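Colleague: Hey, dropping entry34.pdb in here, PDB, C-alpha atoms:
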```
MODEL        1
ATOM      1  CA  MET A 556     -19.488 -41.845 -19.888
ATOM      2  CA  SER A 557     -16.089 -43.425 -19.826
ATOM      3  CA  SER A 558     -14.084 -43.856 -22.964
ATOM      4  CA  SER A 559     -14.471 -47.659 -22.729
ATOM      5  CA  GLN A 560     -18.332 -47.502 -22.732
ATOM      6  CA  SER A 561     -20.210 -47.016 -25.939
ATOM      7  CA  VAL A 562     -23.408 -45.027 -26.388
ATOM      8  CA  THR A 563     -25.370 -48.247 -26.964
ATOM      9  CA  GLU A 564     -24.333 -49.560 -23.544
ATOM     10  CA  ILE A 565     -25.625 -46.447 -21.731
ATOM     11  CA  LEU A 566     -28.907 -45.948 -23.645
ATOM     12  CA  PRO A 567     -30.584 -49.122 -22.305
ATOM     13  CA  LEU A 568     -29.962 -47.877 -18.728
ATOM     14  CA  TRP A 569     -31.397 -44.462 -19.544
ATOM     15  CA  HIS A 570     -34.445 -46.087 -21.105
ATOM     16  CA  LEU A 571     -34.980 -48.214 -17.963
ATOM     17  CA  SER A 572     -34.857 -45.175 -15.663
ATOM     18  CA  ALA A 573     -37.390 -43.355 -17.852
ATOM     19  CA  ARG A 574     -39.846 -46.227 -17.327
ATOM     20  CA  LEU A 575     -39.408 -46.090 -13.523
ATOM     21  CA  TYR A 576     -40.191 -42.353 -13.335
ATOM     22  CA  HIS A 577     -43.221 -41.916 -15.564
ATOM     23  CA  LYS A 578     -45.688 -39.033 -15.407
ATOM     24  CA  PRO A 579     -48.699 -39.436 -13.075
ATOM     25  CA  SER A 580     -51.981 -40.230 -14.782
ATOM     26  CA  GLY A 581     -54.776 -37.689 -15.135
ATOM     27  CA  ALA A 582     -56.826 -39.584 -12.554
ATOM     28  CA  MET A 583     -53.963 -39.423 -10.040
ATOM     29  CA  LEU A 584     -53.581 -35.663 -10.572
ATOM     30  CA  LEU A 585     -57.332 -35.198 -10.072
ATOM     31  CA  LEU A 586     -57.264 -37.186  -6.812
ATOM     32  CA  LEU A 587     -54.300 -35.178  -5.512
ATOM     33  CA  THR A 588     -56.038 -31.900  -6.396
ATOM     34  CA  LEU A 589     -59.267 -32.930  -4.661
ATOM     35  CA  ALA A 590     -57.367 -34.058  -1.554
ATOM     36  CA  PHE A 591     -55.565 -30.725  -1.413
ATOM     37  CA  LEU A 592     -58.783 -28.713  -1.811
ATOM     38  CA  ALA A 593     -60.582 -30.734   0.877
ATOM     39  CA  SER A 594     -57.814 -30.331   3.432
ATOM     40  CA  PRO A 595     -58.425 -28.321   6.635
ATOM     41  CA  THR A 596     -56.004 -25.606   5.567
ATOM     42  CA  CYS A 597     -58.499 -24.229   3.051
ATOM     43  CA  ARG A 598     -61.036 -23.837   5.852
ATOM     44  CA  ALA A 599     -58.588 -21.959   8.018
ATOM     45  CA  GLN A 600     -57.373 -19.455   5.448
ATOM     46  CA  ASN A 601     -59.832 -16.736   6.565
ATOM     47  CA  VAL A 602     -59.017 -17.202  10.258
ATOM     48  CA  LEU A 603     -57.611 -14.165  12.054
ATOM     49  CA  GLY A 604     -55.231 -14.721  14.944
ATOM     50  CA  ASN A 605     -53.599 -18.160  14.803
ATOM     51  CA  ALA A 606     -54.620 -20.697  12.171
ATOM     52  CA  ALA A 607     -53.268 -23.707  14.078
ATOM     53  CA  GLY A 608     -55.415 -26.061  16.136
ATOM     54  CA  LYS A 609     -58.705 -27.884  15.700
ATOM     55  CA  TYR A 610     -61.070 -26.294  13.163
ATOM     56  CA  PHE A 611     -64.661 -25.383  14.079
ATOM     57  CA  TYR A 612     -67.623 -23.803  12.292
ATOM     58  CA  VAL A 613     -70.571 -22.562  14.360
ATOM     59  CA  GLN A 614     -73.805 -23.677  12.730
ATOM     60  CA  GLY A 615     -77.060 -22.214  13.876
ATOM     61  CA  GLU A 616     -78.034 -19.490  11.444
ATOM     62  CA  ASP A 617     -80.856 -21.818  10.271
ATOM     63  CA  GLN A 618     -82.417 -21.344  13.763
ATOM     64  CA  GLY A 619     -82.714 -17.566  13.391
ATOM     65  CA  GLN A 620     -80.602 -14.455  13.525
ATOM     66  CA  LEU A 621     -77.588 -14.044  15.759
ATOM     67  CA  LYS A 622     -78.934 -12.701  19.060
ATOM     68  CA  GLY A 623     -76.057 -13.056  21.502
ATOM     69  CA  MET A 624     -72.569 -14.158  22.408
ATOM     70  CA  ARG A 625     -71.257 -15.804  25.562
ATOM     71  CA  ILE A 626     -67.489 -15.435  25.936
ATOM     72  CA  PHE A 627     -65.568 -17.673  28.366
ATOM     73  CA  LEU A 628     -62.383 -16.093  29.774
ATOM     74  CA  SER A 629     -59.364 -17.587  31.509
ATOM     75  CA  VAL A 630     -57.883 -16.288  34.758
ATOM     76  CA  PHE A 631     -55.381 -14.424  32.550
ATOM     77  CA  LYS A 632     -58.244 -12.901  30.488
ATOM     78  CA  PHE A 633     -57.607 -14.722  27.199
ATOM     79  CA  ILE A 634     -60.556 -16.191  25.260
ATOM     80  CA  LYS A 635     -61.071 -19.820  26.332
ATOM     81  CA  GLY A 636     -64.326 -20.444  24.467
ATOM     82  CA  PHE A 637     -67.661 -19.047  23.356
ATOM     83  CA  GLN A 638     -71.249 -19.817  22.474
ATOM     84  CA  LEU A 639     -73.545 -18.036  20.061
ATOM     85  CA  GLN A 640     -77.283 -17.572  20.453
ATOM     86  CA  PHE A 641     -79.434 -17.895  17.324
ATOM     87  CA  GLY A 642     -83.053 -16.966  17.956
ATOM     88  CA  SER A 643     -83.648 -18.388  21.449
ATOM     89  CA  ASN A 644     -81.194 -21.305  21.092
ATOM     90  CA  TRP A 645     -77.580 -21.387  22.323
ATOM     91  CA  THR A 646     -75.010 -23.394  20.360
ATOM     92  CA  ASP A 647     -72.531 -25.823  21.849
ATOM     93  CA  VAL A 648     -69.421 -24.315  23.441
ATOM     94  CA  TYR A 649     -66.555 -23.872  20.992
ATOM     95  CA  GLY A 650     -63.229 -23.943  22.793
ATOM     96  CA  THR A 651     -63.437 -24.516  26.554
ATOM     97  CA  ARG A 652     -65.948 -23.496  29.240
ATOM     98  CA  SER A 653     -64.898 -21.562  32.314
ATOM     99  CA  ASP A 654     -66.682 -20.156  35.358
ATOM    100  CA  ASN A 655     -65.690 -16.673  34.178
ATOM    101  CA  PHE A 656     -67.989 -15.761  31.277
ATOM    102  CA  ILE A 657     -69.803 -12.690  29.981
ATOM    103  CA  ASP A 658     -72.973 -12.562  27.866
ATOM    104  CA  PHE A 659     -73.542  -9.878  25.243
ATOM    105  CA  LEU A 660     -77.159  -9.973  24.064
ATOM    106  CA  LEU A 661     -78.349  -8.062  21.008
ATOM    107  CA  GLU A 662     -81.536  -6.010  21.047
ATOM    108  CA  ASP A 663     -84.241  -6.383  18.377
ATOM    109  CA  GLY A 664     -82.944  -4.935  15.117
ATOM    110  CA  GLU A 665     -79.382  -4.821  16.420
ATOM    111  CA  HIS A 666     -76.556  -6.530  14.518
ATOM    112  CA  VAL A 667     -72.789  -6.831  14.882
ATOM    113  CA  ILE A 668     -71.173  -4.802  12.085
ATOM    114  CA  LYS A 669     -67.504  -4.934  13.106
ATOM    115  CA  VAL A 670     -65.255  -7.277  15.079
ATOM    116  CA  GLU A 671     -61.792  -6.417  16.353
ATOM    117  CA  GLY A 672     -59.452  -8.528  18.380
ATOM    118  CA  SER A 673     -55.928  -9.496  19.274
ATOM    119  CA  ALA A 674     -53.968 -12.710  19.626
ATOM    120  CA  VAL A 675     -50.700 -14.051  20.938
ATOM    121  CA  ILE A 676     -50.886 -17.866  21.137
ATOM    122  CA  CYS A 677     -54.576 -17.596  22.004
ATOM    123  CA  LEU A 678     -57.104 -14.875  21.286
ATOM    124  CA  THR A 679     -56.519 -12.255  23.958
ATOM    125  CA  SER A 680     -59.451  -9.971  23.132
ATOM    126  CA  LEU A 681     -62.601  -9.630  21.049
ATOM    127  CA  THR A 682     -64.539  -6.395  20.543
ATOM    128  CA  PHE A 683     -67.977  -6.386  18.904
ATOM    129  CA  THR A 684     -69.480  -3.139  17.533
ATOM    130  CA  THR A 685     -73.177  -3.003  16.619
ATOM    131  CA  ASN A 686     -75.233  -0.926  14.205
ATOM    132  CA  LYS A 687     -76.738   0.824  17.273
ATOM    133  CA  GLY A 688     -73.315   2.018  18.429
ATOM    134  CA  ARG A 689     -72.898  -0.418  21.313
ATOM    135  CA  VAL A 690     -69.409  -1.816  21.845
ATOM    136  CA  ALA A 691     -68.593  -4.899  23.931
ATOM    137  CA  THR A 692     -64.987  -5.861  24.677
ATOM    138  CA  PHE A 693     -63.890  -9.198  26.135
ATOM    139  CA  GLY A 694     -60.367  -9.929  27.362
ATOM    140  CA  VAL A 695     -57.409  -7.558  27.242
ATOM    141  CA  ARG A 696     -55.980  -6.281  23.963
ATOM    142  CA  ARG A 697     -52.388  -7.513  23.582
ATOM    143  CA  GLY A 698     -50.462  -9.199  20.779
ATOM    144  CA  ARG A 699     -51.278  -8.961  17.075
ATOM    145  CA  TYR A 700     -54.314  -6.788  16.334
ATOM    146  CA  PHE A 701     -56.963  -7.694  13.727
ATOM    147  CA  SER A 702     -60.202  -6.153  12.503
ATOM    148  CA  ASP A 703     -62.939  -7.347  10.152
ATOM    149  CA  THR A 704     -66.216  -6.052   8.787
ATOM    150  CA  GLY A 705     -68.442  -7.276   6.002
ATOM    151  CA  GLY A 706     -68.617  -3.829   4.426
ATOM    152  CA  SER A 707     -71.533  -1.419   4.241
ATOM    153  CA  ASP A 708     -74.952  -2.833   5.140
ATOM    154  CA  LYS A 709     -73.482  -6.174   6.281
ATOM    155  CA  HIS A 710     -73.717  -7.841   9.671
ATOM    156  CA  LEU A 711     -72.146 -10.821  11.411
ATOM    157  CA  VAL A 712     -73.972 -14.077  10.629
ATOM    158  CA  THR A 713     -71.728 -16.679  12.307
ATOM    159  CA  VAL A 714     -68.084 -17.544  12.993
ATOM    160  CA  ASN A 715     -65.495 -20.224  12.345
ATOM    161  CA  GLY A 716     -61.998 -20.670  13.663
ATOM    162  CA  MET A 717     -59.375 -22.752  15.401
ATOM    163  CA  HIS A 718     -59.117 -23.843  19.030
ATOM    164  CA  ALA A 719     -56.658 -25.744  21.171
ATOM    165  CA  PRO A 720     -58.878 -28.269  23.002
ATOM    166  CA  GLY A 721     -58.818 -27.683  26.745
ATOM    167  CA  LEU A 722     -56.854 -24.456  26.408
ATOM    168  CA  CYS A 723     -58.264 -21.614  24.302
ATOM    169  CA  VAL A 724     -59.617 -20.251  21.038
ATOM    170  CA  ARG A 725     -56.577 -19.580  18.833
ATOM    171  CA  GLY A 726     -58.096 -17.891  15.791
ATOM    172  CA  ILE A 727     -61.458 -16.752  14.474
ATOM    173  CA  GLY A 728     -63.095 -15.967  11.123
ATOM    174  CA  PHE A 729     -66.372 -14.267  10.300
ATOM    175  CA  LYS A 730     -69.274 -14.876   7.923
ATOM    176  CA  TRP A 731     -71.054 -11.660   6.955
ATOM    177  CA  GLY A 732     -74.494 -11.135   5.390
ATOM    178  CA  ASN A 733     -77.227  -8.551   5.053
ATOM    179  CA  ILE A 734     -80.894  -8.361   6.013
ATOM    180  CA  ASN A 735     -83.683  -7.821   3.514
ATOM    181  CA  ALA A 736     -86.967  -6.007   4.236
ATOM    182  CA  ASN A 737     -88.531  -9.228   5.621
ATOM    183  CA  GLY A 738     -85.741  -9.659   8.176
ATOM    184  CA  ASN A 739     -84.301 -12.726   6.431
ATOM    185  CA  ASP A 740     -80.564 -13.207   6.160
ATOM    186  CA  HIS A 741     -78.931 -12.952   2.755
ATOM    187  CA  TYR A 742     -75.292 -13.927   2.764
ATOM    188  CA  ASN A 743     -72.691 -12.178   0.695
ATOM    189  CA  ASN A 744     -69.618 -13.799  -0.766
ATOM    190  CA  LYS A 745     -67.206 -12.693   1.976
ATOM    191  CA  GLU A 746     -67.109 -16.062   3.697
ATOM    192  CA  ASP A 747     -65.035 -19.198   3.936
ATOM    193  CA  LYS A 748     -65.878 -21.341   0.906
ATOM    194  CA  ALA A 749     -64.326 -24.625   2.050
TER     195      ALA A 749
ENDMDL
END
```
As structure tokens, how would this structure be written, given the file I've shared?
Modeller:
Amino acid sequence: MSSSQSVTEILPLWHLSARLYHKPSGAMLLLLTLAFLASPTCRAQNVLGNAAGKYFYVQGEDQGQLKGMRIFLSVFKFIKGFQLQFGSNWTDVYGTRSDNFIDFLLEDGEHVIKVEGSAVICLTSLTFTTNKGRVATFGVRRGRYFSDTGGSDKHLVTVNGMHAPGLCVRGIGFKWGNINANGNDHYNNKEDKA
């Protein structure tokens, strides 16, 4: 404030700027919160490997238990894509198909209880361990290592993740559940909630 300006000359300008920068309404804050919660980043927060790319969630658990995996590999042995088998039905391919693929089929009463893997830009390996002690490894372990399990008495129900269309699967997350005496899946809370 210069010595030639009085306080009454400056106050009207301050009052005008206060009107231009008012607080957002409650409705606006609610809309911003809902938009943030619905964004794809909340879906990708449980993804191991890289969380960048196009999000996917493999649906099929309503068709029966997880019975198999088909992993598509590149010439360089990174994970290009995969399919899951629920009951007798195979899902769509998530990621990209290739002529180089390997099937890992589960026996009756067998469930995946642990998944390990590694990633650089793409997933470079996936290793599935079952309750019957079988281990299946796809790709070559290199890059950042990760491991996930649902805890005791839990098994893999389905997966979600990120892929770079036409290139590879970049990251993967896991939904774990348990089996009751009737063989029906019961999901625990260790899953992606978005």
Colleague: If you measure from CA of Leu711 (chain A) to CA of Val630 (chain A), what distance in Å do you get, rounded to one decimal?
Modeller: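 Atom-to-atom, CA of Leu711 (chain A) and CA of Val630 (chain A) are spaced 27.9 Å apart.
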Colleague: Calculated over all atoms listed in the file, which of the candidates A:Ser653, A:Phe683, A:Val670, A:Leu603 has the smallest distance to Gly623 (chain A)?
Modeller: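 That would be A:Phe683, the residue with the smallest distance to Gly623 (chain A).
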Colleague: Run the PyMOL selection byres ((chain A and resi 628) around 10) on the file and write out the hits as a list in words.
Modeller: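 Output of the PyMOL selection byres ((chain A and resi 628) around 10): Arg625, Ile626, Phe627, Ser629, Val630, Phe631, Lys632, Phe633, Ile634, Lys635, Gly636, Phe637, Thr651, Arg652, Ser653, Asp654, Asn655, Phe656, Ile657, Thr679, Ser680, Phe693, Gly694 and Cys723 of chain A.
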Colleague: Could you give me, as a list in words, the residues within 7 Å of Lys609 (chain A), counting all atoms listed in the file and dropping anything in the same chain fewer than 2 positions from it?
Modeller: Phe611, Met717, His718 and Ala719 of chain A
Colleague: Could you work out how far CA of Leu678 (chain A) lies from CA of Ala606 (chain A), giving the answer in Å with one decimal?
Modeller: 11.1 Å
Colleague: Step by step, work through what the PyMOL selection byres ((chain A and resi 709) around 9) selects in the shown file, and finish by giving those residues as a PyMOL selection string.
Modeller: chain A and resi 666-668+704-708+710-711+731-734+742-743
Colleague: Store the residues picked out above in a file with C-alpha atoms, as an mmCIF file, in the coordinates of the input.
Modeller:
```
data_model
loop_
_atom_site.group_PDB
_atom_site.id
_atom_site.type_symbol
_atom_site.label_atom_id
_atom_site.label_comp_id
_atom_site.auth_asym_id
_atom_site.auth_seq_id
_atom_site.Cartn_x
_atom_site.Cartn_y
_atom_site.Cartn_z
ATOM 1 C CA HIS A 666 -76.556 -6.530 14.518
ATOM 2 C CA VAL A 667 -72.789 -6.831 14.882
ATOM 3 C CA ILE A 668 -71.173 -4.802 12.085
ATOM 4 C CA THR A 704 -66.216 -6.052 8.787
ATOM 5 C CA GLY A 705 -68.442 -7.276 6.002
ATOM 6 C CA GLY A 706 -68.617 -3.829 4.426
ATOM 7 C CA SER A 707 -71.533 -1.419 4.241
ATOM 8 C CA ASP A 708 -74.952 -2.833 5.140
ATOM 9 C CA HIS A 710 -73.717 -7.841 9.671
ATOM 10 C CA LEU A 711 -72.146 -10.821 11.411
ATOM 11 C CA TRP A 731 -71.054 -11.660 6.955
ATOM 12 C CA GLY A 732 -74.494 -11.135 5.390
ATOM 13 C CA ASN A 733 -77.227 -8.551 5.053
ATOM 14 C CA ILE A 734 -80.894 -8.361 6.013
ATOM 15 C CA TYR A 742 -75.292 -13.927 2.764
ATOM 16 C CA ASN A 743 -72.691 -12.178 0.695
#
```
Colleague: On this file, the PyMOL selection byres ((chain A and resi 640) around 12) gives some set of residues; write that set as a VMD selection string.
Modeller: chain A and resid 613 to 626 637 to 639 641 to 648 658 to 661 712 to 714
Colleague: Residues of region 622-684 of chain A that approach region 700-703 of chain A to 7 Å or less, counting only C-alpha atoms: could you list each one with the shortest pair of atoms and its distance in Å to one decimal, rows by chain and increasing residue number, as a tab-separated table?
Modeller:
```
residue	atom	partner	partner_atom	distance
A:Lys669	CA	A:Asp703	CA	5.9
A:Val670	CA	A:Asp703	CA	5.4
A:Glu671	CA	A:Ser702	CA	4.2
A:Gly672	CA	A:Phe701	CA	5.3
A:Ser673	CA	A:Tyr700	CA	4.3
A:Ala674	CA	A:Tyr700	CA	6.8
```
Colleague: Those selected residues, please, written with C-alpha atoms and delivered as an mmCIF file, keeping the file's coordinate frame.
Modeller:
```cif
data_model
loop_
_atom_site.group_PDB
_atom_site.id
_atom_site.type_symbol
_atom_site.label_atom_id
_atom_site.label_comp_id
_atom_site.auth_asym_id
_atom_site.auth_seq_id
_atom_site.Cartn_x
_atom_site.Cartn_y
_atom_site.Cartn_z
ATOM 1 C CA LYS A 669 -67.504 -4.934 13.106
ATOM 2 C CA VAL A 670 -65.255 -7.277 15.079
ATOM 3 C CA GLU A 671 -61.792 -6.417 16.353
ATOM 4 C CA GLY A 672 -59.452 -8.528 18.380
ATOM 5 C CA SER A 673 -55.928 -9.496 19.274
ATOM 6 C CA ALA A 674 -53.968 -12.710 19.626
#
```
Colleague: Report, in Å to a single decimal, how far apart CA of Gly716 (chain A) and CA of Gly650 (chain A) are.
Modeller: 9.8 Å
Colleague: Using only C-alpha atoms, which protein or nucleic acid residues come within 9 Å of Val675 (chain A)? Drop anything in the same chain fewer than 4 positions from it, and give the result as a short mmCIF file (atom, residue, chain, number, x, y, z; two decimals) with C-alpha atoms, in the coordinates of the input.
Modeller:
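Below is the file that was written, part_4.cif:
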```cif
data_model
loop_
_atom_site.label_atom_id
_atom_site.label_comp_id
_atom_site.auth_asym_id
_atom_site.auth_seq_id
_atom_site.Cartn_x
_atom_site.Cartn_y
_atom_site.Cartn_z
CA GLY A 604 -55.23 -14.72 14.94
CA ASN A 605 -53.60 -18.16 14.80
CA THR A 679 -56.52 -12.26 23.96
CA ARG A 697 -52.39 -7.51 23.58
CA GLY A 698 -50.46 -9.20 20.78
CA ARG A 699 -51.28 -8.96 17.08
CA ARG A 725 -56.58 -19.58 18.83
#
```
Colleague: Rebuild region 676-696 of chain A to N, CA and C atoms - output it as a compact mmCIF listing (two decimals), keeping the file's coordinate frame, please.
Modeller:
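Saved the output as part-v9.txt:
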```
# COMPACT_ATOMS: atom_id res chain seq x y z
N ILE A 676 -50.68 -16.46 21.46
CA ILE A 676 -50.89 -17.87 21.14
C ILE A 676 -52.38 -18.14 21.07
N CYS A 677 -53.11 -17.52 21.96
CA CYS A 677 -54.58 -17.60 22.00
C CYS A 677 -55.15 -16.22 21.68
N LEU A 678 -56.46 -16.18 21.40
CA LEU A 678 -57.10 -14.88 21.29
C LEU A 678 -57.05 -14.21 22.65
N THR A 679 -56.62 -12.98 22.69
CA THR A 679 -56.52 -12.26 23.96
C THR A 679 -57.66 -11.26 24.13
N SER A 680 -58.31 -10.87 23.03
CA SER A 680 -59.45 -9.97 23.13
C SER A 680 -60.35 -10.10 21.92
N LEU A 681 -61.61 -9.77 22.12
CA LEU A 681 -62.60 -9.63 21.05
C LEU A 681 -63.45 -8.41 21.38
N THR A 682 -63.68 -7.57 20.38
CA THR A 682 -64.54 -6.40 20.54
C THR A 682 -65.59 -6.42 19.44
N PHE A 683 -66.86 -6.38 19.84
CA PHE A 683 -67.98 -6.39 18.90
C PHE A 683 -68.61 -5.00 18.89
N THR A 684 -68.82 -4.43 17.70
CA THR A 684 -69.48 -3.14 17.53
C THR A 684 -70.78 -3.38 16.78
N THR A 685 -71.87 -2.78 17.24
CA THR A 685 -73.18 -3.00 16.62
C THR A 685 -73.62 -1.79 15.81
N ASN A 686 -74.65 -2.00 15.00
CA ASN A 686 -75.23 -0.93 14.20
C ASN A 686 -75.90 0.13 15.08
N LYS A 687 -76.15 -0.15 16.34
CA LYS A 687 -76.74 0.82 17.27
C LYS A 687 -75.67 1.54 18.10
N GLY A 688 -74.40 1.32 17.76
CA GLY A 688 -73.32 2.02 18.43
C GLY A 688 -72.83 1.39 19.72
N ARG A 689 -73.39 0.25 20.10
CA ARG A 689 -72.90 -0.42 21.31
C ARG A 689 -71.60 -1.15 21.00
N VAL A 690 -70.70 -1.16 21.98
CA VAL A 690 -69.41 -1.82 21.84
C VAL A 690 -69.21 -2.70 23.07
N ALA A 691 -68.86 -3.96 22.83
CA ALA A 691 -68.59 -4.90 23.93
C ALA A 691 -67.21 -5.48 23.73
N THR A 692 -66.35 -5.34 24.74
CA THR A 692 -64.99 -5.86 24.68
C THR A 692 -64.81 -6.96 25.71
N PHE A 693 -64.18 -8.05 25.28
CA PHE A 693 -63.89 -9.20 26.14
C PHE A 693 -62.39 -9.44 26.11
N GLY A 694 -61.80 -9.70 27.28
CA GLY A 694 -60.37 -9.93 27.36
C GLY A 694 -59.61 -8.62 27.41
N VAL A 695 -58.30 -8.72 27.20
CA VAL A 695 -57.41 -7.56 27.24
C VAL A 695 -56.62 -7.53 25.94
N ARG A 696 -56.66 -6.39 25.25
CA ARG A 696 -55.98 -6.28 23.96
C ARG A 696 -54.46 -6.33 24.15
```
